[in-house]
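S.K.: Input target-v4.csv, format and content: CSV, C-alpha atoms.
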chain,number,residue,atom,x,y,z
D,1,MET,CA,1.9,24.7,28.0
D,2,GLU,CA,2.4,21.3,29.5
D,3,SER,CA,4.1,21.0,32.8
D,4,LYS,CA,7.1,18.7,33.4
D,5,GLY,CA,6.2,15.2,34.4
D,6,HIS,CA,3.0,15.1,32.5
D,7,PHE,CA,2.4,12.8,29.5
D,8,PRO,CA,2.9,14.9,26.3
D,9,TYR,CA,-0.6,14.3,24.9
D,10,THR,CA,-0.4,17.5,22.8
D,11,LYS,CA,2.8,16.3,21.1
D,12,ILE,CA,1.3,12.9,20.5
D,13,ILE,CA,-1.8,14.4,18.8
D,14,LYS,CA,0.4,16.7,16.8
D,15,GLY,CA,2.6,13.9,15.6
D,16,ILE,CA,-0.3,11.7,14.6
D,17,ARG,CA,-2.0,14.6,12.8
D,18,GLU,CA,1.2,15.3,10.9
D,19,VAL,CA,1.8,11.7,9.7
D,20,LEU,CA,-1.8,10.6,9.4
D,21,PHE,CA,-3.7,13.6,8.1
D,22,MET,CA,-1.0,15.4,6.2
D,23,ILE,CA,0.5,12.3,4.5
D,24,TRP,CA,-1.9,9.4,4.6
D,25,ILE,CA,-5.1,11.3,4.0
D,26,ASN,CA,-3.5,13.2,1.1
D,27,SER,CA,-2.4,9.8,-0.3
D,28,ILE,CA,-5.9,8.4,-0.1
D,29,VAL,CA,-7.3,11.4,-1.9
D,30,ASP,CA,-4.6,11.2,-4.6
D,31,GLY,CA,-5.0,7.4,-4.8
D,32,SER,CA,-8.8,7.9,-5.3
D,33,LYS,CA,-8.2,10.2,-8.2
D,34,ILE,CA,-5.8,7.7,-9.9
D,35,PHE,CA,-8.3,4.9,-9.4
D,36,ILE,CA,-11.3,6.9,-10.7
D,37,VAL,CA,-9.5,8.4,-13.7
D,38,LEU,CA,-7.2,5.5,-14.7
D,39,ALA,CA,-7.1,2.2,-12.8
D,40,GLY,CA,-10.8,1.8,-12.3
D,41,PRO,CA,-11.8,2.2,-16.0
D,42,VAL,CA,-9.0,-0.2,-17.0
D,43,LEU,CA,-10.3,-2.8,-14.5
D,44,LEU,CA,-13.8,-2.3,-15.8
D,45,LEU,CA,-12.7,-2.9,-19.4
D,46,MET,CA,-10.8,-6.1,-18.3
D,47,GLU,CA,-13.8,-7.4,-16.4
D,48,LEU,CA,-16.1,-6.8,-19.4
D,49,ALA,CA,-13.6,-8.6,-21.6
D,50,GLY,CA,-13.6,-11.5,-19.2
D,51,TRP,CA,-17.4,-11.5,-19.0
D,52,MET,CA,-17.7,-11.6,-22.8
D,53,MET,CA,-15.3,-14.6,-22.9
D,54,THR,CA,-16.6,-16.7,-20.0
D,55,ARG,CA,-20.2,-15.3,-19.6
D,56,THR,CA,-19.7,-15.7,-15.8
D,57,PHE,CA,-18.3,-13.7,-12.9
D,58,ARG,CA,-18.2,-13.8,-9.2
D,59,PRO,CA,-19.4,-10.4,-7.7
D,60,VAL,CA,-17.4,-11.0,-4.4
D,61,LYS,CA,-14.2,-11.5,-6.3
D,62,LEU,CA,-14.9,-8.5,-8.5
D,63,ILE,CA,-15.3,-6.3,-5.4
D,64,LEU,CA,-12.1,-7.7,-3.9
D,65,ARG,CA,-10.2,-7.0,-7.0
D,66,ALA,CA,-11.5,-3.4,-7.1
D,67,VAL,CA,-10.6,-2.9,-3.5
D,68,PHE,CA,-7.2,-4.3,-3.9
D,69,LEU,CA,-6.5,-2.2,-7.0
D,70,TYR,CA,-7.7,0.9,-5.1
D,71,TYR,CA,-5.3,0.0,-2.3
D,72,LEU,CA,-2.4,-0.2,-4.7
D,73,CYS,CA,-3.3,3.2,-6.1
D,74,CYS,CA,-3.2,4.7,-2.6
D,75,VAL,CA,0.2,3.0,-2.0
D,76,PHE,CA,1.5,4.5,-5.2
D,77,ALA,CA,0.3,7.9,-4.2
D,78,LEU,CA,1.9,7.5,-0.8
D,79,VAL,CA,5.3,6.4,-1.9
D,80,PHE,CA,5.7,8.5,-5.2
D,81,LEU,CA,3.5,11.6,-4.8
D,82,PRO,CA,3.7,14.5,-4.9
D,83,LEU,CA,6.2,14.8,-7.8
D,84,PRO,CA,9.0,17.3,-7.5
D,85,SER,CA,8.8,20.7,-9.2
D,86,LEU,CA,11.0,21.5,-12.2
D,87,GLU,CA,13.3,23.5,-9.9
D,88,GLU,CA,13.5,20.7,-7.4
D,89,ALA,CA,14.1,18.1,-10.1
D,90,ALA,CA,17.0,20.1,-11.5
D,91,GLY,CA,19.0,19.6,-8.2
D,92,LEU,CA,18.3,15.9,-7.6
D,93,ILE,CA,21.0,13.3,-7.1
D,94,TYR,CA,20.8,9.6,-6.5
D,95,GLU,CA,20.7,8.8,-2.8
D,96,VAL,CA,20.5,5.7,-0.7
D,97,GLU,CA,20.4,4.8,3.0
D,98,LEU,CA,22.0,1.4,3.4
D,99,MET,CA,22.4,1.3,7.2
D,100,PRO,CA,20.0,-1.2,8.7
D,101,MET,CA,17.9,0.0,11.6
D,102,HIS,CA,18.6,3.6,10.9
D,103,CYS,CA,14.9,4.2,11.7
D,104,LEU,CA,15.8,3.4,15.4
D,105,VAL,CA,18.3,6.3,15.3
D,106,ASP,CA,15.6,8.6,13.9
D,107,ALA,CA,13.2,7.4,16.6
D,108,CYS,CA,15.7,8.3,19.3
D,109,LYS,CA,16.2,11.8,17.8
D,110,ASN,CA,12.5,12.3,17.4
D,111,PRO,CA,10.6,9.6,19.3
D,112,MET,CA,7.1,10.5,18.3
D,113,ARG,CA,7.6,11.0,14.6
D,114,GLY,CA,10.2,8.2,14.3
D,115,THR,CA,7.9,5.7,16.0
D,116,LEU,CA,4.9,6.7,13.8
D,117,VAL,CA,7.1,6.3,10.6
D,118,ILE,CA,8.1,2.8,11.7
D,119,LEU,CA,4.5,1.9,12.6
D,120,PHE,CA,3.0,3.2,9.3
D,121,ASN,CA,5.7,1.5,7.2
D,122,VAL,CA,4.5,-1.8,8.7
D,123,LEU,CA,0.8,-0.9,8.4
D,124,MET,CA,1.2,0.0,4.7
D,125,THR,CA,1.7,-3.6,3.5
D,126,ILE,CA,-0.5,-5.5,5.9
D,127,PRO,CA,-3.5,-5.4,3.4
D,128,PHE,CA,-1.1,-6.8,0.7
D,129,GLY,CA,-0.2,-9.9,2.8
D,130,MET,CA,-3.8,-10.4,3.8
D,131,PHE,CA,-5.0,-10.3,0.2
D,132,LEU,CA,-2.3,-12.6,-1.1
D,133,ARG,CA,-3.3,-15.3,1.4
D,134,TYR,CA,-7.1,-14.8,1.2
D,135,TYR,CA,-7.6,-14.3,-2.6
D,136,PHE,CA,-4.7,-16.3,-4.0
D,137,GLY,CA,-4.2,-18.8,-1.2
D,138,LEU,CA,-0.4,-18.3,-1.1
D,139,ASP,CA,1.7,-19.8,1.6
D,140,ALA,CA,4.1,-18.0,3.9
D,141,LYS,CA,7.1,-18.3,1.7
D,142,ARG,CA,5.4,-16.9,-1.4
D,143,VAL,CA,3.8,-14.1,0.6
D,144,PHE,CA,7.3,-13.2,2.0
D,145,LEU,CA,8.8,-13.2,-1.5
D,146,TYR,CA,5.9,-11.1,-3.1
D,147,SER,CA,6.0,-8.6,-0.2
D,148,LEU,CA,9.8,-8.3,-0.6
D,149,ALA,CA,9.3,-7.9,-4.4
D,150,LEU,CA,6.7,-5.2,-3.9
D,151,THR,CA,8.8,-3.1,-1.5
D,152,THR,CA,12.0,-3.6,-3.6
D,153,LEU,CA,10.1,-2.3,-6.6
D,154,ILE,CA,8.9,0.7,-4.5
D,155,GLU,CA,12.4,1.5,-3.2
D,156,PHE,CA,14.0,1.1,-6.6
D,157,GLY,CA,11.3,3.5,-8.0
D,158,GLN,CA,12.2,6.0,-5.3
D,159,PHE,CA,15.9,5.6,-5.8
D,160,SER,CA,15.6,6.0,-9.6
D,161,GLY,CA,13.4,9.0,-9.5
D,162,LEU,CA,10.2,7.2,-10.5
D,163,PHE,CA,12.0,4.7,-12.7
D,164,PHE,CA,14.3,7.4,-14.2
D,165,LEU,CA,11.5,9.8,-15.0
D,166,PHE,CA,13.7,12.2,-13.0
D,167,LYS,CA,17.5,12.4,-12.9
D,168,GLY,CA,17.8,11.7,-9.2
D,169,SER,CA,16.1,10.5,-6.1
D,170,TYR,CA,13.3,12.7,-4.8
D,171,ARG,CA,12.5,10.0,-2.2
D,172,LEU,CA,15.2,8.3,-0.2
D,173,PHE,CA,15.9,4.6,-0.8
D,174,GLU,CA,16.1,3.0,2.7
D,175,VAL,CA,17.0,-0.6,3.7
D,176,ASP,CA,14.7,-0.2,6.7
D,177,ASP,CA,11.7,0.3,4.4
D,178,LEU,CA,12.5,-3.1,2.8
D,179,LEU,CA,12.5,-4.7,6.2
D,180,LEU,CA,9.5,-3.0,7.6
D,181,ASN,CA,7.3,-3.3,4.5
D,182,THR,CA,8.1,-7.0,4.2
D,183,ALA,CA,7.3,-7.5,7.9
D,184,GLY,CA,4.0,-5.8,7.3
D,185,GLY,CA,3.2,-8.2,4.5
D,186,MET,CA,4.0,-11.2,6.7
D,187,LEU,CA,1.9,-9.7,9.5
D,188,GLY,CA,-1.0,-9.4,7.1
D,189,TYR,CA,-0.5,-13.1,6.3
D,190,LEU,CA,-0.6,-14.1,9.9
D,191,LEU,CA,-3.7,-11.9,10.6
D,192,MET,CA,-5.5,-13.5,7.7
D,193,GLY,CA,-4.6,-16.9,9.2
D,194,LYS,CA,-6.0,-15.9,12.5
D,195,PHE,CA,-9.2,-14.3,11.3
D,196,GLY,CA,-9.6,-15.7,7.8
D,197,ARG,CA,-12.0,-18.4,9.0
D,198,ASN,CA,-14.6,-15.6,9.4
D,199,PHE,CA,-14.4,-14.8,5.7
D,200,PRO,CA,-16.4,-16.6,3.1
D,201,ASP,CA,-14.8,-19.2,0.9
D,202,LEU,CA,-14.3,-17.4,-2.4
D,203,GLU,CA,-14.9,-20.6,-4.5
D,204,GLN,CA,-18.3,-21.0,-2.8
D,205,THR,CA,-19.5,-17.4,-3.5
D,206,LYS,CA,-22.3,-16.7,-5.9
D,207,VAL,CA,-21.6,-17.0,-9.6
D,208,ILE,CA,-23.5,-14.7,-12.0
D,209,THR,CA,-24.1,-16.2,-15.4
D,210,ALA,CA,-25.3,-14.6,-18.7
D,211,ARG,CA,-28.4,-16.7,-18.5
D,212,ARG,CA,-29.2,-15.4,-15.0
D,213,VAL,CA,-28.7,-11.8,-16.2
D,214,MET,CA,-31.1,-12.4,-19.1
D,215,LYS,CA,-33.7,-13.7,-16.7
D,216,LEU,CA,-33.4,-10.7,-14.5
D,217,ALA,CA,-33.7,-8.4,-17.5
What does the file become when written as structure tokens?
M.R.:
Amino acid sequence: MESKGHFPYTKIIKGIREVLFMIWINSIVDGSKIFIVLAGPVLLLMELAGWMMTRTFRPVKLILRAVFLYYLCCVFALVFLPLPSLEEAAGLIYEVELMPMHCLVDACKNPMRGTLVILFNVLMTIPFGMFLRYYFGLDAKRVFLYSLALTTLIEFGQFSGLFFLFKGSYRLFEVDDLLLNTAGGMLGYLLMGKFGRNFPDLEQTKVITARRVMKLA
């Protein structure tokens, strides 16, 4: 038992374990399953179709597309899974939390968990903003709009019970999530601007052609 006046390390570790290991790690596991079973094979088929039409591809771009798709699968698992049981689904109603900065109220009630929820809501979309700037070369305005569009789609999916698959919200629509997720996308944009010079120019990366493949064969 911790004495008064000491920093609550045990509570901090417990809070991090609850949010990180019980939620994020499970989402990564579920996202990996979605990628391996569904998204990965679809990407592979699309890449093969593109190869057959152009007879060229850039390995670095292919890897980045695969990583980004894997990231999106993990985000899907984080915001929509697990699905409710039949018993839970029967009692669902449509719910929204429209009060801005309600997350600060939650943080005051439960500082550790509330702070971690805010932090991870921002962290979730940082890779999204980084990818949009690095891979597509989008400017700040378009990264902001795409980040807002992504989180709006997520929140609508949560409000509508996975786009009306269920007759009610099994995840709460929150205005704060719109703000925090969009902020995360913009932070990713800024981070890529800061460190992007250390990344290779995608247009200068190696191109694999059908002729080169035949020579290697």
S.K.: Using Å and a single decimal, report how far CA of Leu202 in chain D sits from CA of Lys61 in chain D.
M.R.: 7.1 Å
S.K.: Just to confirm, what's the straight-line distance from CA of Leu172 in chain D to CA of Val96 in chain D in Å (one decimal)?
M.R.: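 Calculated distance between CA of Leu172 in chain D and CA of Val96 in chain D is 5.9 Å.
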S.K.: Just checking: using only C-alpha atoms, which residue out of D:Leu83, D:Met192, D:Ile34, D:Ile28 ends up closest to Gly137 in chain D?
M.R.: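 Residue with the minimum atom-to-atom distance to Gly137 in chain D: D:Met192.
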S.K.: In terms of the shortest atom-to-atom distance over all atoms listed in the file, which of D:Asp201, D:Asp177, D:Asp30, D:Glu47 is closest to Val117 in chain D?
M.R.: D:Asp177
S.K.: Of the candidates D:Gly31, D:Pro200, D:Gly193, D:Gly157, which one gets nearest to Tyr94 in chain D if we count all atoms listed in the file?
M.R.: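 Of D:Gly31, D:Pro200, D:Gly193, D:Gly157, the one nearest Tyr94 in chain D is D:Gly157, counting all atoms listed in the file.
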S.K.: Near Leu119 in chain D, within 12 Å and counting only C-alpha atoms, which residues show up once chain neighbours fewer than 4 positions away are dropped, as an MDAnalysis selection string?
M.R.: chainID D and resid 16 19:20 103:104 107 111:115 123:126 176:177 180:181 183:184
S.K.: State, in Å with one decimal place, the distance from CA of Phe144 in chain D to CA of Thr182 in chain D.
M.R.: 6.6 Å
S.K.: Write out as JSON, numbers by chain each polymer residue whose atoms come within 9 Å of Gly91 in chain D, counting only C-alpha atoms; drop sequence neighbours fewer than 3 positions from it.
M.R.: {"D": [87, 88, 167, 168]}
